[in-house]
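Dropping entry-v6.txt in here (compact mmCIF, C-alpha atoms and all ligand atoms):
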# COMPACT_ATOMS: atom_id res chain seq x y z
CA MET Y 1 13.87 19.87 -1.92
CA PRO Y 2 14.59 16.10 -1.75
CA SER Y 3 15.05 14.71 -5.24
CA ARG Y 4 13.04 11.76 -6.53
CA LYS Y 5 16.26 10.33 -7.91
CA ALA Y 6 17.56 10.13 -4.34
CA ASP Y 7 15.02 7.43 -3.38
CA PRO Y 8 17.04 4.20 -3.67
CA PHE Y 9 14.42 1.84 -2.21
CA ARG Y 10 13.00 -0.83 -4.55
CA TRP Y 11 10.62 -3.69 -3.79
CA ASP Y 12 12.25 -7.05 -4.56
CA ILE Y 13 11.67 -8.79 -7.88
CA LEU Y 14 9.01 -11.21 -6.62
CA VAL Y 15 6.99 -8.42 -4.99
CA ARG Y 16 7.16 -6.43 -8.25
CA LEU Y 17 6.22 -9.39 -10.46
CA THR Y 18 3.33 -10.49 -8.24
CA HIS Y 19 2.10 -6.89 -7.91
CA TRP Y 20 1.92 -6.21 -11.64
CA SER Y 21 0.45 -9.60 -12.54
CA LEU Y 22 -2.20 -9.20 -9.82
CA ALA Y 23 -3.00 -5.69 -11.06
CA ALA Y 24 -3.19 -6.91 -14.70
CA ALA Y 25 -5.53 -9.81 -13.78
CA CYS Y 26 -7.83 -7.44 -11.83
CA VAL Y 27 -7.91 -4.81 -14.58
CA ALA Y 28 -8.69 -7.49 -17.21
CA ASN Y 29 -11.47 -9.11 -15.15
CA LEU Y 30 -13.03 -5.86 -13.95
CA TRP Y 31 -13.01 -3.80 -17.11
CA LEU Y 32 -11.72 -5.64 -20.18
CA ASN Y 33 -13.04 -9.16 -20.71
CA GLU Y 34 -16.60 -10.39 -21.07
CA THR Y 35 -17.89 -12.20 -17.98
CA GLY Y 36 -18.67 -15.85 -18.62
CA GLU Y 37 -15.59 -16.16 -20.85
CA GLU Y 38 -13.29 -18.97 -19.85
CA TRP Y 39 -10.26 -16.74 -19.42
CA HIS Y 40 -12.20 -14.57 -16.94
CA GLU Y 41 -12.26 -17.66 -14.74
CA TRP Y 42 -8.61 -18.53 -15.38
CA LEU Y 43 -7.46 -14.99 -14.61
CA GLY Y 44 -9.40 -15.18 -11.34
CA TYR Y 45 -7.56 -18.39 -10.42
CA LEU Y 46 -4.28 -16.78 -11.50
CA ALA Y 47 -4.95 -13.83 -9.16
CA MET Y 48 -5.52 -16.25 -6.26
CA SER Y 49 -2.32 -18.19 -7.06
CA VAL Y 50 -0.27 -14.99 -7.32
CA ILE Y 51 -1.46 -13.93 -3.85
CA GLY Y 52 -0.66 -17.44 -2.56
CA LEU Y 53 2.87 -17.14 -3.98
CA ARG Y 54 3.36 -13.67 -2.46
CA LEU Y 55 2.19 -14.89 0.96
CA LEU Y 56 4.55 -17.86 0.78
CA TRP Y 57 7.41 -15.54 -0.20
CA GLY Y 58 6.59 -13.22 2.68
CA LEU Y 59 6.66 -16.14 5.11
CA THR Y 60 9.87 -17.73 3.86
CA LEU Y 61 12.61 -16.20 1.70
CA ALA Y 62 11.59 -12.53 1.55
CA LYS Y 63 13.81 -10.06 3.36
CA GLY Y 64 13.10 -6.91 5.39
CA TYR Y 65 10.06 -4.87 4.43
CA ALA Y 66 8.61 -7.60 2.15
CA ARG Y 67 8.21 -10.12 4.98
CA LEU Y 68 4.65 -10.72 6.19
CA ALA Y 69 5.68 -9.90 9.76
CA ALA Y 70 6.78 -6.46 8.52
CA LEU Y 71 3.30 -5.90 7.04
CA ILE Y 72 1.60 -5.92 10.44
CA PRO Y 73 1.03 -2.24 11.32
CA SER Y 74 2.09 -0.87 14.69
CA GLY Y 75 1.29 2.39 16.49
CA GLU Y 76 4.81 3.58 15.68
CA ASP Y 77 4.10 3.10 11.91
CA PHE Y 78 1.16 5.52 12.13
CA ARG Y 79 3.09 8.06 14.24
CA LEU Y 80 5.95 7.98 11.70
CA GLN Y 81 3.47 8.33 8.83
CA ALA Y 82 1.83 11.38 10.46
CA ARG Y 83 5.23 12.97 11.09
CA GLU Y 84 6.54 12.33 7.56
CA MET Y 85 3.34 13.65 6.00
CA SER Y 86 3.21 16.82 8.09
CA GLU Y 87 6.91 17.57 7.59
CA ARG Y 88 6.77 16.55 3.92
CA ALA Y 89 9.82 14.37 4.61
CA PRO Y 90 10.87 11.85 1.92
CA ALA Y 91 9.11 8.48 2.29
CA ALA Y 92 10.99 5.93 4.41
CA PRO Y 93 11.50 2.44 2.87
CA GLY Y 94 8.58 -0.02 3.13
CA HIS Y 95 4.90 0.77 3.63
CA HIS Y 96 3.28 3.37 5.86
CA GLY Y 97 0.88 2.11 8.57
CA SER Y 98 -2.18 2.78 6.39
CA GLY Y 99 -0.37 1.19 3.41
CA LYS Y 100 0.06 -2.02 5.41
CA LEU Y 101 -3.68 -2.12 6.16
CA ALA Y 102 -4.41 -1.46 2.48
CA VAL Y 103 -2.23 -4.38 1.36
CA TRP Y 104 -4.24 -6.82 3.51
CA ALA Y 105 -7.54 -5.28 2.38
CA LEU Y 106 -6.57 -5.58 -1.31
CA TRP Y 107 -5.46 -9.19 -0.95
CA LEU Y 108 -8.60 -10.13 1.01
CA LEU Y 109 -10.91 -8.44 -1.49
CA VAL Y 110 -9.28 -10.11 -4.49
CA LEU Y 111 -9.51 -13.49 -2.73
CA ALA Y 112 -13.17 -12.88 -1.81
CA THR Y 113 -13.98 -11.79 -5.38
CA ALA Y 114 -12.30 -14.77 -7.02
CA GLY Y 115 -13.62 -17.14 -4.32
CA SER Y 116 -17.23 -15.97 -4.77
CA GLY Y 117 -16.74 -16.19 -8.57
CA TRP Y 118 -15.77 -19.83 -8.21
CA PHE Y 119 -18.49 -20.51 -5.61
CA GLN Y 120 -21.33 -19.15 -7.74
CA ASN Y 121 -20.48 -21.82 -10.33
CA THR Y 122 -21.12 -24.63 -7.84
CA GLU Y 123 -24.57 -26.06 -7.12
CA THR Y 124 -24.61 -24.84 -3.50
CA GLY Y 125 -23.32 -21.41 -4.50
CA PHE Y 126 -25.98 -21.14 -7.18
CA GLU Y 127 -28.73 -22.03 -4.68
CA LEU Y 128 -27.38 -19.53 -2.13
CA GLY Y 129 -27.26 -16.72 -4.71
CA ALA Y 130 -23.47 -16.36 -4.66
CA ASP Y 131 -23.59 -14.47 -7.97
CA ASP Y 132 -24.78 -11.46 -5.94
CA TRP Y 133 -21.83 -11.86 -3.55
CA HIS Y 134 -19.49 -11.84 -6.56
CA VAL Y 135 -20.97 -8.54 -7.79
CA TRP Y 136 -20.77 -6.93 -4.28
CA CYS Y 137 -17.13 -8.04 -4.00
CA THR Y 138 -16.30 -6.49 -7.40
CA TRP Y 139 -17.71 -3.12 -6.24
CA ALA Y 140 -15.78 -3.23 -2.97
CA LEU Y 141 -12.62 -4.18 -4.89
CA GLN Y 142 -13.06 -1.29 -7.32
CA ALA Y 143 -13.51 1.15 -4.41
CA MET Y 144 -10.36 -0.20 -2.74
CA ILE Y 145 -8.34 0.05 -5.97
CA ALA Y 146 -9.49 3.67 -6.41
CA LEU Y 147 -8.41 4.41 -2.82
CA HIS Y 148 -5.07 2.63 -3.45
CA LEU Y 149 -4.34 4.77 -6.52
CA CYS Y 150 -5.41 8.04 -4.82
CA ALA Y 151 -3.24 7.21 -1.78
CA ILE Y 152 -0.23 6.57 -4.01
CA VAL Y 153 -0.67 9.82 -5.95
CA TYR Y 154 -1.31 11.85 -2.77
CA THR Y 155 1.60 10.33 -0.80
CA SER Y 156 4.00 10.68 -3.76
CA TRP Y 157 3.06 14.37 -4.06
CA ARG Y 158 3.05 15.09 -0.34
CA GLN Y 159 6.39 13.39 0.32
CA ARG Y 160 7.94 14.31 -3.02
CA SER Y 161 8.92 10.65 -3.49
CA ASN Y 162 7.53 8.87 -6.53
CA LEU Y 163 6.33 5.61 -4.95
CA VAL Y 164 5.66 4.01 -8.35
CA THR Y 165 9.38 3.87 -9.16
CA ARG Y 166 9.76 1.54 -6.14
CA MET Y 167 7.58 -0.97 -7.99
CA LEU Y 168 9.69 -0.71 -11.17
CA PRO Y 169 13.06 -2.29 -12.01
CA ARG Y 170 16.07 -0.23 -11.03
CA ARG Y 171 17.34 1.83 -13.99
CA ARG Y 172 20.93 1.13 -14.94
CA ARG Y 173 22.97 4.30 -14.50
CA ARG Y 174 24.55 5.40 -17.77
CA VAL Y 175 28.30 5.74 -17.46
CA PRO Y 176 29.43 9.05 -18.99
CA GLU Y 177 31.22 8.49 -22.32
CA ARG Y 178 34.49 9.90 -21.08
CA GLN Y 179 34.62 7.31 -18.32
CA GLN Y 180 34.07 4.51 -20.85
CA GLU Y 181 37.18 5.40 -22.84
CA PRO Y 182 40.14 3.13 -22.06
CA HIS Y 183 42.98 4.78 -20.18
CA SER Y 184 45.98 5.35 -22.38
C1 LIG Y 201 -5.47 -2.43 -10.30
C2 LIG Y 201 -5.19 -3.29 -9.37
C3 LIG Y 201 -4.15 -3.16 -8.30
C4 LIG Y 201 -4.09 -3.96 -7.22
C5 LIG Y 201 -5.07 -5.09 -6.87
C6 LIG Y 201 -2.94 -3.55 -6.44
C7 LIG Y 201 -2.54 -4.15 -5.26
C8 LIG Y 201 -1.41 -3.83 -4.55
C9 LIG Y 201 -0.88 -4.58 -3.44
C10 LIG Y 201 -1.51 -5.87 -2.87
C11 LIG Y 201 0.24 -3.96 -3.01
C12 LIG Y 201 1.21 -4.47 -1.92
C13 LIG Y 201 2.34 -5.19 -2.65
C14 LIG Y 201 3.09 -6.22 -1.82
O1 LIG Y 201 3.57 -5.91 -0.72
O2 LIG Y 201 3.21 -7.38 -2.29
C15 LIG Y 201 0.44 -2.78 -3.81
C16 LIG Y 201 1.46 -1.87 -3.67
C17 LIG Y 201 1.69 -0.84 -4.55
N1 LIG Y 201 0.98 -0.56 -5.70
FE1 LIG Y 201 -0.66 -1.50 -6.36
N2 LIG Y 201 -2.32 -2.50 -7.06
C18 LIG Y 201 -3.01 -2.23 -8.21
C19 LIG Y 201 -2.70 -1.27 -9.14
C20 LIG Y 201 -1.64 -0.40 -9.06
C21 LIG Y 201 -1.29 0.59 -10.05
C22 LIG Y 201 -2.03 0.82 -11.39
C23 LIG Y 201 -0.21 1.26 -9.57
C24 LIG Y 201 0.56 2.39 -10.19
C25 LIG Y 201 0.05 3.49 -10.58
C26 LIG Y 201 0.15 0.69 -8.30
C27 LIG Y 201 1.19 1.08 -7.52
C28 LIG Y 201 1.57 0.51 -6.33
C29 LIG Y 201 2.69 0.97 -5.53
C30 LIG Y 201 3.60 2.16 -5.86
C31 LIG Y 201 2.76 0.15 -4.43
C32 LIG Y 201 3.77 0.25 -3.27
C33 LIG Y 201 3.30 1.32 -2.36
C34 LIG Y 201 4.33 1.63 -1.30
O3 LIG Y 201 5.52 1.81 -1.62
O4 LIG Y 201 3.95 1.69 -0.11
N3 LIG Y 201 -0.76 -0.32 -8.01
N4 LIG Y 201 -0.57 -2.73 -4.75
C1 LIG Y 202 -9.84 -11.24 -9.71
C2 LIG Y 202 -10.93 -11.99 -9.72
C3 LIG Y 202 -12.22 -11.63 -10.38
C4 LIG Y 202 -12.73 -10.39 -10.69
C5 LIG Y 202 -12.10 -9.02 -10.43
C6 LIG Y 202 -14.03 -10.60 -11.32
C7 LIG Y 202 -14.85 -9.59 -11.77
C8 LIG Y 202 -16.13 -9.80 -12.30
C9 LIG Y 202 -17.03 -8.75 -12.73
C10 LIG Y 202 -16.72 -7.24 -12.67
C11 LIG Y 202 -18.17 -9.33 -13.16
C12 LIG Y 202 -19.44 -8.63 -13.67
C13 LIG Y 202 -20.38 -8.44 -12.53
C14 LIG Y 202 -21.65 -7.74 -12.95
O1 LIG Y 202 -22.46 -8.38 -13.61
O2 LIG Y 202 -21.80 -6.56 -12.58
C15 LIG Y 202 -17.99 -10.77 -13.03
C16 LIG Y 202 -18.92 -11.72 -13.39
C17 LIG Y 202 -18.70 -13.08 -13.38
N1 LIG Y 202 -17.60 -13.73 -12.87
FE1 LIG Y 202 -15.96 -12.84 -12.12
N2 LIG Y 202 -14.27 -11.96 -11.37
C18 LIG Y 202 -13.19 -12.60 -10.83
C19 LIG Y 202 -13.03 -13.97 -10.68
C20 LIG Y 202 -13.93 -14.93 -11.15
C21 LIG Y 202 -13.76 -16.36 -11.04
C22 LIG Y 202 -12.56 -17.07 -10.40
C23 LIG Y 202 -14.86 -16.95 -11.60
C24 LIG Y 202 -15.24 -18.39 -11.75
C25 LIG Y 202 -14.45 -19.40 -11.60
C26 LIG Y 202 -15.72 -15.88 -12.06
C27 LIG Y 202 -16.94 -16.08 -12.66
C28 LIG Y 202 -17.78 -15.08 -13.04
C29 LIG Y 202 -19.06 -15.33 -13.69
C30 LIG Y 202 -19.62 -16.69 -14.08
C31 LIG Y 202 -19.61 -14.07 -13.90
C32 LIG Y 202 -20.90 -13.77 -14.64
C33 LIG Y 202 -22.05 -13.63 -13.80
C34 LIG Y 202 -23.21 -13.32 -14.69
O3 LIG Y 202 -23.01 -12.89 -15.84
O4 LIG Y 202 -24.31 -13.51 -14.18
N3 LIG Y 202 -15.13 -14.66 -11.77
N4 LIG Y 202 -16.74 -11.01 -12.50

Since I need it in another form, could you write the structure as structure tokens?
Amino acid sequence: MPSRKADPFRWDILVRLTHWSLAAACVANLWLNETGEEWHEWLGYLAMSVIGLRLLWGLTLAKGYARLAALIPSGEDFRLQAREMSERAPAAPGHHGSGKLAVWALWLLVLATAGSGWFQNTETGFELGADDWHVWCTWALQAMIALHLCAIVYTSWRQRSNLVTRMLPRRRRRVPERQQEPHS
């Protein structure tokens, strides 16, 4: 059975930082803070800026699987995903085809939620009833986050590769004590 420790792939530092700050802002605004509080608004703007930074990174300095071009799904991505899932093969580096679609959906939903939150505070938005749009967006976002988490748990189990470790810093390997002793 392939070992989880054998999965060497890690997302780069900017992807990890933007992922966890985006997740923290969404969790805080959806379930922790009181709406109408000033920091609800600031966290919404922070979420938008974090996505902006991630998009810029993906267009410029990011390498390999983190580039935006690599996040456009192809037929081959879905064929590989189906094969890996049916054979229970360890997950290949990067996202599956459906994962790529989910990334765009999550970004779009966060932007729509924060955008409608801002818009409802303007005169036009108020007249158009944008507060309802904000509420609809928050429901769609919660559904997408639930799907995201279920997909990660299911894929990690099915492919016996813990995908969450790819979003965490690489653990430093401990050198066995005997190797640390100076040679005499
Ligand atoms: C609650 C709000 C969350 C949002 C909005 C969110 C959003 C995202 C986005 C946009 C990506 C793509 C990252 C990129 O390429 O820049 C992603 C990937 C990922 N997220 Fe989340 N996430 C959330 C919560 C979580 C949580 C709680 C976990 C861990 C249990 C998690 C685990 C992962 C993993 C493992 C990946 C990479 C999947 C892969 O290797 O294909 N996410 N998430
Ligand atoms: C990640 C972004 C955001 C998320 C996840 C989020 C989430 C939420 C949620 C769950 C509610 C409660 C909805 C309900 O009553 O059922 C809410 C209300 C509200 N949000 Fe946001 N929000 C975000 C961004 C923003 C931004 C950027 C602003 C304004 C600049 C904003 C302004 C408001 C206001 C004023 C309410 C209260 C509406 C009311 O009580 O009638 N939100 N938001």

Leaving out region 13-25 of chain Y and any residue of its chain fewer than 2 positions from it, which residues lie within 9 Å of it when counting all atoms listed in the file, given as an mmCIF file with C-alpha atoms, in the frame of the given file?
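After the write, around.cif holds the following:
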data_model
loop_
_atom_site.group_PDB
_atom_site.id
_atom_site.type_symbol
_atom_site.label_atom_id
_atom_site.label_comp_id
_atom_site.auth_asym_id
_atom_site.auth_seq_id
_atom_site.Cartn_x
_atom_site.Cartn_y
_atom_site.Cartn_z
ATOM 1 C CA ARG Y 10 13.000 -0.830 -4.550
ATOM 2 C CA TRP Y 11 10.620 -3.690 -3.790
ATOM 3 C CA VAL Y 27 -7.910 -4.810 -14.580
ATOM 4 C CA ALA Y 28 -8.690 -7.490 -17.210
ATOM 5 C CA ASN Y 29 -11.470 -9.110 -15.150
ATOM 6 C CA LEU Y 30 -13.030 -5.860 -13.950
ATOM 7 C CA HIS Y 40 -12.200 -14.570 -16.940
ATOM 8 C CA LEU Y 43 -7.460 -14.990 -14.610
ATOM 9 C CA GLY Y 44 -9.400 -15.180 -11.340
ATOM 10 C CA LEU Y 46 -4.280 -16.780 -11.500
ATOM 11 C CA ALA Y 47 -4.950 -13.830 -9.160
ATOM 12 C CA MET Y 48 -5.520 -16.250 -6.260
ATOM 13 C CA VAL Y 50 -0.270 -14.990 -7.320
ATOM 14 C CA ILE Y 51 -1.460 -13.930 -3.850
ATOM 15 C CA LEU Y 53 2.870 -17.140 -3.980
ATOM 16 C CA ARG Y 54 3.360 -13.670 -2.460
ATOM 17 C CA TRP Y 57 7.410 -15.540 -0.200
ATOM 18 C CA ALA Y 62 11.590 -12.530 1.550
ATOM 19 C CA ALA Y 66 8.610 -7.600 2.150
ATOM 20 C CA VAL Y 110 -9.280 -10.110 -4.490
ATOM 21 C CA ARG Y 166 9.760 1.540 -6.140
ATOM 22 C CA MET Y 167 7.580 -0.970 -7.990
ATOM 23 C CA LEU Y 168 9.690 -0.710 -11.170
ATOM 24 C CA PRO Y 169 13.060 -2.290 -12.010
#

_List as JSON, numbers by chain the protein and nucleic acid residues lying within 9 Å of ligand LIG 202 (chain Y), with all atoms listed in the file counted._
{"Y": [22, 23, 25, 26, 27, 28, 29, 30, 31, 33, 34, 35, 36, 37, 38, 40, 41, 42, 43, 44, 45, 46, 47, 48, 109, 110, 111, 112, 113, 114, 115, 116, 117, 118, 119, 120, 121, 131, 132, 134, 135, 136, 137, 138, 139, 141, 142]}

*Kindly indicate which residue among Y:Arg171, Y:Ala143, Y:Leu106, Y:Pro8 lies nearest to ligand LIG 201 (chain Y), using only C-alpha atoms and all ligand atoms for the distances.*
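Selected residue with least distance to ligand LIG 201 (chain Y): Y:Leu106.
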
*Please indicate the distance in Å from CA of Trp104 (chain Y) to CA of Gly129 (chain Y), rounded to one decimal place.*
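Result for CA of Trp104 (chain Y) versus CA of Gly129 (chain Y): 26.4 Å, one decimal.
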
*Point out the residue among Y:Leu55, Y:Leu71, Y:Val153, Y:Val164 with the least atom-to-atom distance to Val103 (chain Y), counting all atoms listed in the file.*
Y:Leu71

The centre and edge lengths of an axis-aligned box containing all atoms of region 130-148 of chain Y present in the file, extended by 6 Å on each side, are to be given in Å to one decimal, as AutoDock Vina command-line options.
--center_x -14.9 --center_y -6.0 --center_z -5.4 --size_x 31.7 --size_y 32.8 --size_z 17.2
